[in-house]
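> Dropping a structure here in structure tokens format, bear with me for questions.
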Amino acid sequence: MNTATDTTHCDDLAKALEAFRDHAPLIERWGTELARRLGSGARLLVAGNGGSAAQAQHLTAELVGRYREDRPPFSALALHADTSSTTAIANDYGVQELFARQTAAHGRPGDVLLLLSTSGASANLLSAAERAHRLDMTVWALTGRSPNPLQLGADDALCVDAPLAATVQELHLVAVHMLCETFDRAVENGETGRVTADGRPGVVGRLVGRARTVGRTPPGGPVAPRKGQA
């Protein structure tokens, strides 16, 4: 009996990762643009089905919470996460309207809709992209191999060149983390529209400064007592 560990999955991932490196400039552009828009008051809407829904929610959690360092929260919504809305829409309007109707409810001109799909052919995501364009939103897509319908229906797309859905999803997670890293760097560098016309920090700038000093004692200042101590 062959007891050797099957590393085919790892080999497939490593091969796809080499080609994936070429997408780094696109992800950096997305992260910088997203920081600029969200820092100016826009929001990010994200949607996917199945495993891609989990990736979508992972991204919004990193933006509303934090990725690595403390920073202000930014507006990001995973459209599948409201189970009452999704089940009501699917029941009353059909699954194809699942994300389109929420996009119409939450989306505004200048917002970004990011859609994740390993096939690039999910009807409910294509409907959401079409609805977003009607609202003058920007549509980005993370998909599998190109060409695919979602890629063609988006303003910009990152298409992972891998034959298996599992590999595509794993590289979508890499893209999510790289996007968050670029986003945080842009926030740190002030590329968020956070400076007012007179050169003073805007709301986001003040929040970034506050996040950096939370829990820190100013030089020469008194040490605050720990919780539970007088």
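Ordered as shown in the structure tokens, chains take letters A, B, and onward, while each chain numbers its residues from 1 and ligands are numbered from 1 in the order shown.
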If we count only C-alpha atoms and set the cut-off at 10 Å, which residues sit around A:His9, ignoring sequence neighbours fewer than 6 positions away in its own chain? Please answer as a VMD selection string.

chain A and resid 164 166 to 167

> With C-alpha atoms retained, export the selected residues as a tab-separated table (two decimals), in the first residue's frame.


```
chain	number	residue	atom	x	y	z
A	164	LEU	CA	-9.43	23.73	-9.75
A	166	ALA	CA	-10.07	25.01	-4.54
A	167	THR	CA	-6.85	26.52	-5.88
```

> Within 10 Å of A:Gly65, counting only C-alpha atoms, which residues qualify if same-chain residues fewer than 6 places away don't, as a list in words?

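Surrounding residues, per the criterion: Leu59, Arg71, Pro72, Pro73, Phe74, Ser75 and Ala76 of chain A.
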
> Can you check which parts of stretch 19-106 of chain A lie within 8 Å of stretch 132-155 of chain A? Per residue, the shortest pair of atoms and distance in Å to one decimal, counting only C-alpha atoms, sorted by chain and number, as a tab-separated table.


```
residue	atom	partner	partner_atom	distance
A:Ala100	CA	A:Ala132	CA	7.7
A:Thr103	CA	A:Ala132	CA	6.4
A:Ala104	CA	A:Ala132	CA	7.2
```

> If you measure from atom CA of A:Gly50 to atom CA of A:Ser117, what distance in Å do you get, rounded to one decimal?

9.2 Å

> With only C-alpha atoms as the atoms that count, which of A:Arg29, A:His80, A:Arg21, A:Arg185 lies nearest to A:Thr60?

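Looking only at the distances to A:Thr60, the closest residue turns out to be A:His80.
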
> Rank nothing, just name the residue among A:Ala162, A:Ala81, A:Leu17, A:Leu115 nearest to A:Glu130, using only C-alpha atoms.

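Ranked by minimum distance to A:Glu130, first place goes to A:Leu115.
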
> Can you work out which one of A:Leu77, A:Glu191, A:Asn49, A:Asp6 has the shortest atom-to-atom distance to A:Asn124, counting only C-alpha atoms?

A:Asn49
